[in-house]
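Text of model32.txt (compact mmCIF, C-alpha atoms) as supplied:
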# COMPACT_ATOMS: atom_id res chain seq x y z
CA MET A 1091 13.25 26.75 19.23
CA LYS A 1092 16.89 27.74 18.98
CA ILE A 1093 19.51 26.20 21.30
CA SER A 1094 20.49 29.69 22.47
CA ASP A 1095 16.89 30.31 23.52
CA PHE A 1096 16.95 27.11 25.57
CA PHE A 1097 19.96 28.18 27.63
CA ARG A 1098 18.63 31.72 28.10
CA GLY A 1099 15.22 30.47 29.16
CA THR A 1100 11.96 31.06 27.33
CA LYS A 1101 10.51 34.54 27.88
CA GLU A 1102 7.29 34.13 25.93
CA ILE A 1103 5.14 31.54 24.21
CA ASP A 1104 4.76 31.80 20.47
CA VAL A 1105 1.81 29.75 19.19
CA LYS A 1106 0.98 30.28 15.55
CA GLY A 1107 -0.13 28.48 12.43
CA PRO A 1108 2.12 27.01 9.72
CA GLY A 1109 4.61 29.52 8.37
CA VAL A 1110 4.36 30.84 4.82
CA LEU A 1111 7.60 30.03 2.99
CA THR A 1112 6.76 31.83 -0.24
CA SER A 1113 3.78 33.06 -2.21
CA PHE A 1114 2.86 33.90 -5.78
CA GLU A 1115 -0.16 35.13 -7.71
CA VAL A 1116 -2.16 33.26 -10.34
CA PHE A 1117 -4.82 35.33 -12.15
CA GLY A 1118 -4.87 37.78 -9.26
CA VAL A 1119 -5.22 35.06 -6.61
CA THR A 1120 -2.43 34.85 -4.03
CA ILE A 1121 -1.27 31.30 -3.39
CA ASN A 1122 0.78 30.72 -0.24
CA ILE A 1123 3.26 27.86 -0.04
CA THR A 1124 3.29 26.95 3.64
CA GLU A 1125 5.55 24.59 5.54
CA THR A 1126 2.63 22.15 5.69
CA ILE A 1127 2.55 21.91 1.90
CA VAL A 1128 6.31 21.40 1.63
CA LEU A 1129 6.37 18.80 4.41
CA GLY A 1130 3.36 17.09 2.83
CA TRP A 1131 5.11 16.67 -0.51
CA LEU A 1132 8.25 15.46 1.24
CA LEU A 1133 6.19 12.86 3.11
CA ILE A 1134 4.53 11.77 -0.13
CA ALA A 1135 7.96 11.30 -1.71
CA VAL A 1136 9.30 9.35 1.28
CA ILE A 1137 6.24 7.11 1.62
CA THR A 1138 6.21 6.46 -2.14
CA ALA A 1139 9.91 5.54 -2.07
CA VAL A 1140 9.33 3.16 0.85
CA CYS A 1141 6.38 1.52 -0.93
CA ILE A 1142 8.43 1.07 -4.11
CA PHE A 1143 11.31 -0.42 -2.10
CA MET A 1144 9.06 -2.86 -0.22
CA THR A 1145 7.23 -4.06 -3.34
CA HIS A 1146 10.18 -4.12 -5.75
CA LYS A 1147 10.55 -7.48 -7.54
CA MET A 1148 7.81 -9.17 -5.58
CA GLU A 1149 7.69 -12.98 -5.58
CA LYS A 1150 4.69 -15.29 -5.65
CA VAL A 1151 6.03 -17.01 -2.55
CA PRO A 1152 7.65 -14.24 -0.48
CA THR A 1153 11.17 -14.87 0.79
CA LYS A 1154 12.36 -11.28 1.28
CA LYS A 1155 11.63 -9.62 4.60
CA ARG A 1156 10.47 -6.40 2.98
CA GLN A 1157 7.80 -8.24 0.96
CA ILE A 1158 6.70 -10.19 4.04
CA VAL A 1159 6.29 -6.92 5.96
CA ALA A 1160 4.43 -5.33 3.04
CA GLU A 1161 2.01 -8.26 2.80
CA TRP A 1162 1.51 -8.21 6.58
CA ILE A 1163 0.56 -4.51 6.42
CA VAL A 1164 -1.91 -5.12 3.59
CA ASN A 1165 -3.47 -8.11 5.38
CA THR A 1166 -3.77 -6.09 8.58
CA PHE A 1167 -5.77 -3.39 6.82
CA HIS A 1168 -7.85 -6.01 4.99
CA ASN A 1169 -8.73 -7.62 8.32
CA LEU A 1170 -9.52 -4.25 9.84
CA LEU A 1171 -11.95 -3.41 7.04
CA ASP A 1172 -13.47 -6.90 7.11
CA ASP A 1173 -14.16 -6.62 10.86
CA THR A 1174 -15.40 -3.02 10.75
CA MET A 1175 -17.16 -2.70 7.39
CA GLY A 1176 -17.38 -6.16 5.83
CA SER A 1177 -15.37 -7.87 3.11
CA GLN A 1178 -17.48 -6.20 0.40
CA PHE A 1179 -15.82 -2.89 1.29
CA ARG A 1180 -12.23 -4.01 0.66
CA LYS A 1181 -12.04 -1.58 -2.25
CA PHE A 1182 -11.66 1.19 0.36
CA THR A 1183 -8.49 -0.40 1.77
CA PRO A 1184 -6.05 1.83 -0.20
CA TYR A 1185 -7.82 4.98 0.98
CA VAL A 1186 -8.02 3.93 4.63
CA ALA A 1187 -4.39 2.75 4.67
CA THR A 1188 -3.19 5.95 3.00
CA ILE A 1189 -4.99 8.21 5.47
CA PHE A 1190 -3.76 6.17 8.45
CA ILE A 1191 -0.10 6.08 7.37
CA PHE A 1192 -0.09 9.71 6.22
CA SER A 1193 -1.70 10.83 9.47
CA ILE A 1194 0.80 8.98 11.67
CA CYS A 1195 3.80 10.22 9.68
CA GLY A 1196 2.37 13.74 9.68
CA SER A 1197 2.06 13.70 13.48
CA PHE A 1198 5.50 12.14 14.01
CA LEU A 1199 7.18 15.07 12.24
CA SER A 1200 7.30 16.89 15.56
CA LEU A 1201 9.79 14.27 16.80
CA PHE A 1202 12.26 15.82 14.35
CA GLY A 1203 11.59 19.37 15.51
CA LEU A 1204 9.17 20.07 12.64
CA ARG A 1205 5.59 21.28 12.85
CA PRO A 1206 3.19 18.31 12.65
CA MET A 1207 1.04 18.37 9.52
CA THR A 1208 -2.00 17.21 11.49
CA GLY A 1209 -1.70 20.41 13.54
CA ASP A 1210 -3.00 22.23 10.45
CA PHE A 1211 -6.80 22.20 10.13
CA ASN A 1212 -6.54 22.46 6.34
CA VAL A 1213 -4.99 18.98 6.28
CA THR A 1214 -7.44 17.17 8.55
CA PHE A 1215 -10.45 18.94 7.04
CA SER A 1216 -9.32 17.94 3.53
CA TRP A 1217 -9.23 14.29 4.59
CA ALA A 1218 -12.63 14.64 6.27
CA LEU A 1219 -14.05 16.27 3.14
CA ILE A 1220 -12.88 13.35 0.98
CA THR A 1221 -14.51 10.96 3.46
CA PHE A 1222 -17.71 13.05 3.31
CA ILE A 1223 -17.79 12.78 -0.50
CA MET A 1224 -17.35 9.00 -0.26
CA ILE A 1225 -20.21 8.79 2.25
CA GLN A 1226 -22.57 10.70 -0.05
CA TYR A 1227 -21.48 8.64 -3.06
CA THR A 1228 -22.15 5.41 -1.16
CA LYS A 1229 -25.58 6.61 -0.04
CA ILE A 1230 -26.58 7.63 -3.56
CA ARG A 1231 -25.31 4.35 -5.04
CA THR A 1232 -27.20 2.34 -2.43
CA ASN A 1233 -30.54 4.17 -2.36
CA GLY A 1234 -30.55 6.01 -5.68
CA PHE A 1235 -30.60 9.78 -6.00
CA LEU A 1236 -34.30 10.13 -5.12
CA GLY A 1237 -33.93 7.77 -2.17
CA TYR A 1238 -30.91 9.78 -1.05
CA LEU A 1239 -32.94 13.00 -1.08
CA LYS A 1240 -35.85 11.32 0.74
CA SER A 1241 -33.51 10.18 3.51
CA PHE A 1242 -33.15 13.78 4.63
CA CYS A 1243 -36.86 13.80 5.50
CA ALA A 1244 -36.67 10.63 7.60
CA PRO A 1245 -38.34 9.80 9.86
CA PHE A 1246 -40.52 12.93 9.47
CA PRO A 1247 -40.30 15.85 7.01
CA VAL A 1248 -39.93 18.26 9.91
CA MET A 1249 -36.48 16.71 10.52
CA LEU A 1250 -35.13 18.03 7.20
CA PRO A 1251 -33.15 20.98 8.69
CA MET A 1252 -31.69 18.82 11.46
CA ASN A 1253 -30.68 16.06 9.04
CA ILE A 1254 -28.94 18.55 6.76
CA VAL A 1255 -27.04 20.10 9.68
CA SER A 1256 -26.09 16.62 10.94
CA GLU A 1257 -24.79 15.63 7.52
CA VAL A 1258 -22.81 18.81 6.94
CA SER A 1259 -21.31 18.70 10.44
CA THR A 1260 -19.69 15.30 9.80
CA PRO A 1261 -16.54 16.52 7.98
CA ILE A 1262 -16.26 19.56 10.27
CA SER A 1263 -16.36 17.47 13.45
CA MET A 1264 -13.94 14.87 12.04
CA GLY A 1265 -11.48 17.54 10.93
CA PHE A 1266 -11.65 19.49 14.19
CA ARG A 1267 -11.36 16.35 16.34
CA HIS A 1268 -8.08 15.29 14.75
CA PHE A 1269 -6.68 18.82 14.47
CA GLY A 1270 -7.79 19.84 17.95
CA ASN A 1271 -6.07 16.97 19.71
CA VAL A 1272 -2.77 17.50 17.90
CA ALA A 1273 -2.82 21.30 18.22
CA GLY A 1274 -3.86 20.99 21.86
CA GLY A 1275 -0.88 18.75 22.53
CA MET A 1276 1.43 21.32 20.94
CA ILE A 1277 0.01 24.11 23.12
CA ILE A 1278 0.11 22.05 26.34
CA SER A 1279 3.73 21.06 25.70
CA SER A 1280 4.64 24.71 25.07
CA LEU A 1281 2.87 25.86 28.26
CA ILE A 1282 4.58 23.24 30.42
CA TYR A 1283 7.97 24.01 28.90
CA PHE A 1284 7.37 27.73 29.50
CA ALA A 1285 6.42 27.04 33.13
CA LEU A 1286 9.47 24.83 33.74
CA THR A 1287 11.88 27.37 32.26
CA GLY A 1288 10.21 30.02 34.41
CA VAL A 1289 10.81 27.94 37.55
CA SER A 1290 14.47 27.57 36.62
CA ALA A 1291 14.82 31.31 36.08
CA ALA A 1292 12.97 32.09 39.34
CA ILE A 1293 15.52 30.23 41.46
CA GLY A 1294 18.42 31.84 39.63
CA LEU A 1295 19.54 28.96 37.38
CA SER A 1296 21.21 30.04 34.15
CA VAL A 1297 20.23 26.74 32.50
CA PRO A 1298 16.54 25.64 32.59
CA VAL A 1299 17.32 22.26 34.15
CA PHE A 1300 13.68 21.63 35.08
CA ALA A 1301 12.83 21.67 31.36
CA ILE A 1302 15.13 18.73 30.69
CA GLY A 1303 13.40 15.36 30.48
CA ILE A 1304 9.76 16.22 31.23
CA PRO A 1305 9.06 17.83 27.81
CA ALA A 1306 10.59 14.75 26.17
CA VAL A 1307 8.15 12.50 28.05
CA LEU A 1308 5.24 14.72 27.01
CA SER A 1309 6.49 14.64 23.43
CA ALA A 1310 6.51 10.85 23.52
CA TYR A 1311 2.87 10.89 24.62
CA PHE A 1312 1.51 13.58 22.34
CA ASP A 1313 3.62 12.68 19.30
CA LEU A 1314 3.62 8.88 19.52
CA PHE A 1315 0.63 7.64 21.49
CA SER A 1316 -1.79 10.48 20.78
CA GLY A 1317 -0.69 10.70 17.14
CA PHE A 1318 -1.36 6.99 16.65
CA MET A 1319 -4.70 7.10 18.47
CA GLN A 1320 -5.98 10.10 16.51
CA ALA A 1321 -5.05 8.43 13.22
CA PHE A 1322 -6.79 5.24 14.33
CA ILE A 1323 -9.92 7.08 15.48
CA PHE A 1324 -10.09 9.03 12.21
CA VAL A 1325 -9.95 5.91 10.02
CA MET A 1326 -12.41 4.09 12.29
CA LEU A 1327 -14.92 6.93 11.91
CA THR A 1328 -14.25 6.93 8.17
CA MET A 1329 -15.05 3.23 7.89
CA ILE A 1330 -18.12 3.43 10.13
CA TYR A 1331 -19.61 6.41 8.28
CA ILE A 1332 -19.00 4.90 4.83
CA ALA A 1333 -20.42 1.52 5.89
CA SER A 1334 -23.50 3.18 7.41
CA GLY A 1335 -24.01 5.02 4.12
CA ALA A 1336 -24.40 1.65 2.37
CA GLU A 1337 -27.38 0.73 4.53
CA LYS A 1338 -30.72 1.00 2.76
CA ASP A 1339 -33.08 3.55 4.26
Reformat the file's structure so that it appears as structure tokens.
Amino acid sequence: MKISDFFRGTKEIDVKGPGVLTSFEVFGVTINITETIVLGWLLIAVITAVCIFMTHKMEKVPTKKRQIVAEWIVNTFHNLLDDTMGSQFRKFTPYVATIFIFSICGSFLSLFGLRPMTGDFNVTFSWALITFIMIQYTKIRTNGFLGYLKSFCAPFPVMLPMNIVSEVSTPISMGFRHFGNVAGGMIISSLIYFALTGVSAAIGLSVPVFAIGIPAVLSAYFDLFSGFMQAFIFVMLTMIYIASGAEKD
């Protein structure tokens, strides 16, 4: 929103998806470069730079604060996986940590006036799809391919359609849960801001004073608390689903 719009008062609510910055064609297929893609690559660059900085010239016995913080983060995720999945699943630590950090940073973008990445279903569904592939891989590795196929008929063959629907719905529900909460927060914040500016205009104020302060509090909730909780819930579901896939049928 422009500063001039703030002082004039909002006349309408504009809720839309990520804007298309540019587009080009490859073999007749139009590829759109959206703000989500650009922000995603910027986040990747920033997170990579931070990781390189924190792990640069690491020592066997850490004395630098940045290495101590880096080791604390790694140990925290190790403990989380040990408690949730078991120590035998520590190989999934990089994936879980990456999704968690990327999700939080993607939600916190709105604090800088940018559109949160997690408010784009393409982002959350992509993460959920990767988790889904890992679940299927774990199930096949644990039970074998034939055992994996037989599991769809458990406990009775008549359950085959329901088991297939249940399996396919996993990435869809995970993606929509994360996206829906973030997008819902964006819409609620916009509605409340619109209502507050309307109240200011109704009583003849040239400046929407009622919209000062309250939207900031809502932003702190939806951007900070809700963003953290949705990232945490997503990785918890990821760990639970992958661990359950390792159980023999």
As lines of an AutoDock Vina configuration file: centre and edge lengths in Å, one decimal, of the axis-aligned box holding region 1276-1290 of chain A with 3 Å per side:
center_x = 7.2
center_y = 25.5
center_z = 29.2
size_x = 20.5
size_y = 15.0
size_z = 22.6
Region 1125-1179 of chain A near region 1202-1208 of chain A within 9 Å: what's each residue's closest atom pair and its distance in Å to one decimal, counting all atoms listed in the file, ordered by chain then ascending residue number, as JSON lines?
{"residue": "A:Glu1125", "atom": "CA", "partner": "A:Arg1205", "partner_atom": "CA", "distance": 8.0}
{"residue": "A:Thr1126", "atom": "CA", "partner": "A:Met1207", "partner_atom": "CA", "distance": 5.6}
{"residue": "A:Ile1127", "atom": "CA", "partner": "A:Met1207", "partner_atom": "CA", "distance": 8.5}
{"residue": "A:Leu1129", "atom": "CA", "partner": "A:Met1207", "partner_atom": "CA", "distance": 7.4}
{"residue": "A:Gly1130", "atom": "CA", "partner": "A:Met1207", "partner_atom": "CA", "distance": 7.2}
Generate the output file for the selected residues, C-alpha atoms, as a JSON list (two decimals), in the coordinates of the input.
[["chain", "number", "residue", "atom", "x", "y", "z"],
["A", 1125, "GLU", "CA", 5.55, 24.59, 5.54],
["A", 1126, "THR", "CA", 2.63, 22.15, 5.69],
["A", 1127, "ILE", "CA", 2.55, 21.91, 1.90],
["A", 1129, "LEU", "CA", 6.37, 18.80, 4.41],
["A", 1130, "GLY", "CA", 3.36, 17.09, 2.83]]
Notebook entry, point to check: Using all atoms listed in the file, which residues sit within 9 Å of region 1170-1172 of chain A once same-chain residues fewer than 4 positions away are excluded, as a list of chain:residue names?
Noted result: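 Listed by chain and then number, they are A:Asn1165, A:Thr1166, A:Gly1176, A:Ser1177, A:Gln1178, A:Phe1179, A:Arg1180, A:Phe1182, A:Thr1183, A:Val1186, A:Met1329.
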Next item on the list: Rank nothing, just name the residue among A:Phe1198, A:Phe1246, A:Phe1215, A:Tyr1238 nearest to Met1264 (chain A), using all atoms listed in the file.
Entry: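 Checking each of A:Phe1198, A:Phe1246, A:Phe1215, A:Tyr1238 against Met1264 (chain A), counting all atoms listed in the file, the winner is A:Phe1215.
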Checklist line | Contacts of Ile1330 (chain A) at 8 Å (all atoms listed in the file; same-chain gap of 3+ positions) as a list in words | finding: Thr1174, Met1175, Met1326, Leu1327, Ala1333 and Ser1334 of chain A
Next item on the list: Enter the distance from CA of Leu1314 (chain A) to CA of Val1110 (chain A), in Å, rounded to one decimal.
Entry: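 Computed distance, CA of Leu1314 (chain A) to CA of Val1110 (chain A), equals 26.4 Å.
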Check: Closest to Ser1200 (chain A) among A:Val1159, A:Val1128, A:Val1272, A:Leu1219, using only C-alpha atoms?
Finding: A:Val1272
Checklist line | Selected residue, from A:Arg1267, A:Ile1262, A:Gly1274, A:Ile1332, that lies nearest to Lys1181 (chain A) when counting only C-alpha atoms | finding: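 Checking each of A:Arg1267, A:Ile1262, A:Gly1274, A:Ile1332 against Lys1181 (chain A), counting only C-alpha atoms, the winner is A:Ile1332.
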Check: Between A:Phe1269, A:Phe1117, A:Trp1131, A:Tyr1227, which one has atoms that come closest to Asp1210 (chain A), using only C-alpha atoms?
Finding: A:Phe1269
Notebook entry, point to check: Using all atoms listed in the file, which of the listed residues (A:Gly1107, A:Thr1153, A:Ile1220, A:Arg1231) sits closest to Met1276 (chain A)?
Noted result: A:Gly1107
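Shortest separation to Ile1230 (chain A) among A:Ala1336, A:Leu1199, A:Ala1160, A:Leu1133 occurs at residue A:Ala1336, atoms counted being only C-alpha atoms.
Near region 1146-1148 of chain A, within 7 Å and counting only C-alpha atoms, sit A:Ile1142, A:Phe1143, A:Gln1157, not including residues fewer than 3 positions from it in the same chain.
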Check: Quick one: distance from CA of Phe1211 (chain A) to CA of Gly1270 (chain A) in Å, one decimal?
Finding: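 Value for the CA of Phe1211 (chain A)-CA of Gly1270 (chain A) distance: 8.2 Å.
Rounded to one decimal, CA of Thr1214 (chain A) and CA of Ile1137 (chain A) lie 18.3 Å from each other.
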Margin query: Excluding Ile1225 (chain A) and its own-chain neighbours fewer than 2 positions away, which residues fall within 8 Å of it when counting all atoms listed in the file? Please give them as a PyMOL selection string.
Written below: chain A and resi 1221-1223+1227-1229+1331-1332+1335
Residue completion, region 1316-1327 of chain A, all heavy atoms, as a PDB file, keeping the file's coordinate frame:
ATOM      1  N   SER A1316      -0.642   9.692  21.234  1.00  0.00           N
ATOM      2  CA  SER A1316      -1.790  10.480  20.780  1.00  0.00           C
ATOM      3  C   SER A1316      -1.860  10.545  19.265  1.00  0.00           C
ATOM      4  O   SER A1316      -2.946  10.485  18.681  1.00  0.00           O
ATOM      5  CB  SER A1316      -1.720  11.889  21.370  1.00  0.00           C
ATOM      6  OG  SER A1316      -2.843  12.656  20.979  1.00  0.00           O
ATOM      7  N   GLY A1317      -0.697  10.668  18.599  1.00  0.00           N
ATOM      8  CA  GLY A1317      -0.690  10.700  17.140  1.00  0.00           C
ATOM      9  C   GLY A1317      -1.235   9.418  16.539  1.00  0.00           C
ATOM     10  O   GLY A1317      -2.015   9.447  15.576  1.00  0.00           O
ATOM     11  N   PHE A1318      -0.847   8.282  17.128  1.00  0.00           N
ATOM     12  CA  PHE A1318      -1.360   6.990  16.650  1.00  0.00           C
ATOM     13  C   PHE A1318      -2.858   6.871  16.905  1.00  0.00           C
ATOM     14  O   PHE A1318      -3.617   6.442  16.028  1.00  0.00           O
ATOM     15  CB  PHE A1318      -0.611   5.854  17.341  1.00  0.00           C
ATOM     16  CG  PHE A1318      -1.153   4.486  17.022  1.00  0.00           C
ATOM     17  CD1 PHE A1318      -0.746   3.823  15.876  1.00  0.00           C
ATOM     18  CD2 PHE A1318      -2.068   3.884  17.863  1.00  0.00           C
ATOM     19  CE1 PHE A1318      -1.249   2.566  15.571  1.00  0.00           C
ATOM     20  CE2 PHE A1318      -2.575   2.626  17.569  1.00  0.00           C
ATOM     21  CZ  PHE A1318      -2.165   1.964  16.419  1.00  0.00           C
ATOM     22  N   MET A1319      -3.289   7.238  18.108  1.00  0.00           N
ATOM     23  CA  MET A1319      -4.700   7.100  18.470  1.00  0.00           C
ATOM     24  C   MET A1319      -5.586   7.983  17.611  1.00  0.00           C
ATOM     25  O   MET A1319      -6.668   7.547  17.180  1.00  0.00           O
ATOM     26  CB  MET A1319      -4.900   7.427  19.950  1.00  0.00           C
ATOM     27  CG  MET A1319      -4.360   6.378  20.895  1.00  0.00           C
ATOM     28  SD  MET A1319      -5.055   4.719  20.583  1.00  0.00           S
ATOM     29  CE  MET A1319      -6.824   5.032  20.810  1.00  0.00           C
ATOM     30  N   GLN A1320      -5.168   9.213  17.330  1.00  0.00           N
ATOM     31  CA  GLN A1320      -5.980  10.100  16.510  1.00  0.00           C
ATOM     32  C   GLN A1320      -6.096   9.596  15.076  1.00  0.00           C
ATOM     33  O   GLN A1320      -7.146   9.705  14.447  1.00  0.00           O
ATOM     34  CB  GLN A1320      -5.406  11.522  16.532  1.00  0.00           C
ATOM     35  CG  GLN A1320      -5.512  12.203  17.876  1.00  0.00           C
ATOM     36  CD  GLN A1320      -6.928  12.157  18.441  1.00  0.00           C
ATOM     37  OE1 GLN A1320      -7.915  12.417  17.737  1.00  0.00           O
ATOM     38  NE2 GLN A1320      -7.028  11.825  19.713  1.00  0.00           N
ATOM     39  N   ALA A1321      -4.995   9.022  14.556  1.00  0.00           N
ATOM     40  CA  ALA A1321      -5.050   8.430  13.220  1.00  0.00           C
ATOM     41  C   ALA A1321      -5.991   7.243  13.203  1.00  0.00           C
ATOM     42  O   ALA A1321      -6.793   7.070  12.268  1.00  0.00           O
ATOM     43  CB  ALA A1321      -3.644   8.004  12.780  1.00  0.00           C
ATOM     44  N   PHE A1322      -5.932   6.417  14.242  1.00  0.00           N
ATOM     45  CA  PHE A1322      -6.790   5.240  14.330  1.00  0.00           C
ATOM     46  C   PHE A1322      -8.267   5.641  14.446  1.00  0.00           C
ATOM     47  O   PHE A1322      -9.143   5.070  13.782  1.00  0.00           O
ATOM     48  CB  PHE A1322      -6.377   4.376  15.514  1.00  0.00           C
ATOM     49  CG  PHE A1322      -7.177   3.122  15.672  1.00  0.00           C
ATOM     50  CD1 PHE A1322      -6.983   2.056  14.810  1.00  0.00           C
ATOM     51  CD2 PHE A1322      -8.128   3.012  16.669  1.00  0.00           C
ATOM     52  CE1 PHE A1322      -7.729   0.888  14.942  1.00  0.00           C
ATOM     53  CE2 PHE A1322      -8.877   1.860  16.819  1.00  0.00           C
ATOM     54  CZ  PHE A1322      -8.678   0.790  15.952  1.00  0.00           C
ATOM     55  N   ILE A1323      -8.542   6.627  15.303  1.00  0.00           N
ATOM     56  CA  ILE A1323      -9.920   7.080  15.480  1.00  0.00           C
ATOM     57  C   ILE A1323     -10.466   7.660  14.175  1.00  0.00           C
ATOM     58  O   ILE A1323     -11.623   7.419  13.802  1.00  0.00           O
ATOM     59  CB  ILE A1323     -10.002   8.131  16.608  1.00  0.00           C
ATOM     60  CG1 ILE A1323      -9.710   7.469  17.954  1.00  0.00           C
ATOM     61  CG2 ILE A1323     -11.366   8.811  16.636  1.00  0.00           C
ATOM     62  CD1 ILE A1323      -9.571   8.453  19.102  1.00  0.00           C
ATOM     63  N   PHE A1324      -9.638   8.408  13.463  1.00  0.00           N
ATOM     64  CA  PHE A1324     -10.090   9.030  12.210  1.00  0.00           C
ATOM     65  C   PHE A1324     -10.472   7.961  11.185  1.00  0.00           C
ATOM     66  O   PHE A1324     -11.523   8.075  10.538  1.00  0.00           O
ATOM     67  CB  PHE A1324      -8.988   9.927  11.654  1.00  0.00           C
ATOM     68  CG  PHE A1324      -9.437  10.808  10.522  1.00  0.00           C
ATOM     69  CD1 PHE A1324      -9.909  12.084  10.773  1.00  0.00           C
ATOM     70  CD2 PHE A1324      -9.399  10.366   9.216  1.00  0.00           C
ATOM     71  CE1 PHE A1324     -10.333  12.904   9.731  1.00  0.00           C
ATOM     72  CE2 PHE A1324      -9.819  11.167   8.174  1.00  0.00           C
ATOM     73  CZ  PHE A1324     -10.285  12.444   8.432  1.00  0.00           C
ATOM     74  N   VAL A1325      -9.636   6.944  11.015  1.00  0.00           N
ATOM     75  CA  VAL A1325      -9.950   5.910  10.020  1.00  0.00           C
ATOM     76  C   VAL A1325     -11.120   5.051  10.479  1.00  0.00           C
ATOM     77  O   VAL A1325     -11.909   4.560   9.651  1.00  0.00           O
ATOM     78  CB  VAL A1325      -8.726   5.046   9.689  1.00  0.00           C
ATOM     79  CG1 VAL A1325      -7.632   5.876   9.057  1.00  0.00           C
ATOM     80  CG2 VAL A1325      -8.202   4.305  10.911  1.00  0.00           C
ATOM     81  N   MET A1326     -11.267   4.849  11.790  1.00  0.00           N
ATOM     82  CA  MET A1326     -12.410   4.090  12.290  1.00  0.00           C
ATOM     83  C   MET A1326     -13.713   4.824  11.992  1.00  0.00           C
ATOM     84  O   MET A1326     -14.700   4.228  11.546  1.00  0.00           O
ATOM     85  CB  MET A1326     -12.274   3.846  13.791  1.00  0.00           C
ATOM     86  CG  MET A1326     -11.235   2.799  14.166  1.00  0.00           C
ATOM     87  SD  MET A1326     -11.632   1.144  13.523  1.00  0.00           S
ATOM     88  CE  MET A1326     -13.143   0.780  14.422  1.00  0.00           C
ATOM     89  N   LEU A1327     -13.737   6.137  12.235  1.00  0.00           N
ATOM     90  CA  LEU A1327     -14.920   6.930  11.910  1.00  0.00           C
ATOM     91  C   LEU A1327     -15.178   6.924  10.412  1.00  0.00           C
ATOM     92  O   LEU A1327     -16.341   6.854   9.975  1.00  0.00           O
ATOM     93  CB  LEU A1327     -14.735   8.367  12.410  1.00  0.00           C
ATOM     94  CG  LEU A1327     -14.746   8.572  13.928  1.00  0.00           C
ATOM     95  CD1 LEU A1327     -14.413  10.023  14.262  1.00  0.00           C
ATOM     96  CD2 LEU A1327     -16.105   8.197  14.496  1.00  0.00           C
TER      97      LEU A1327
END
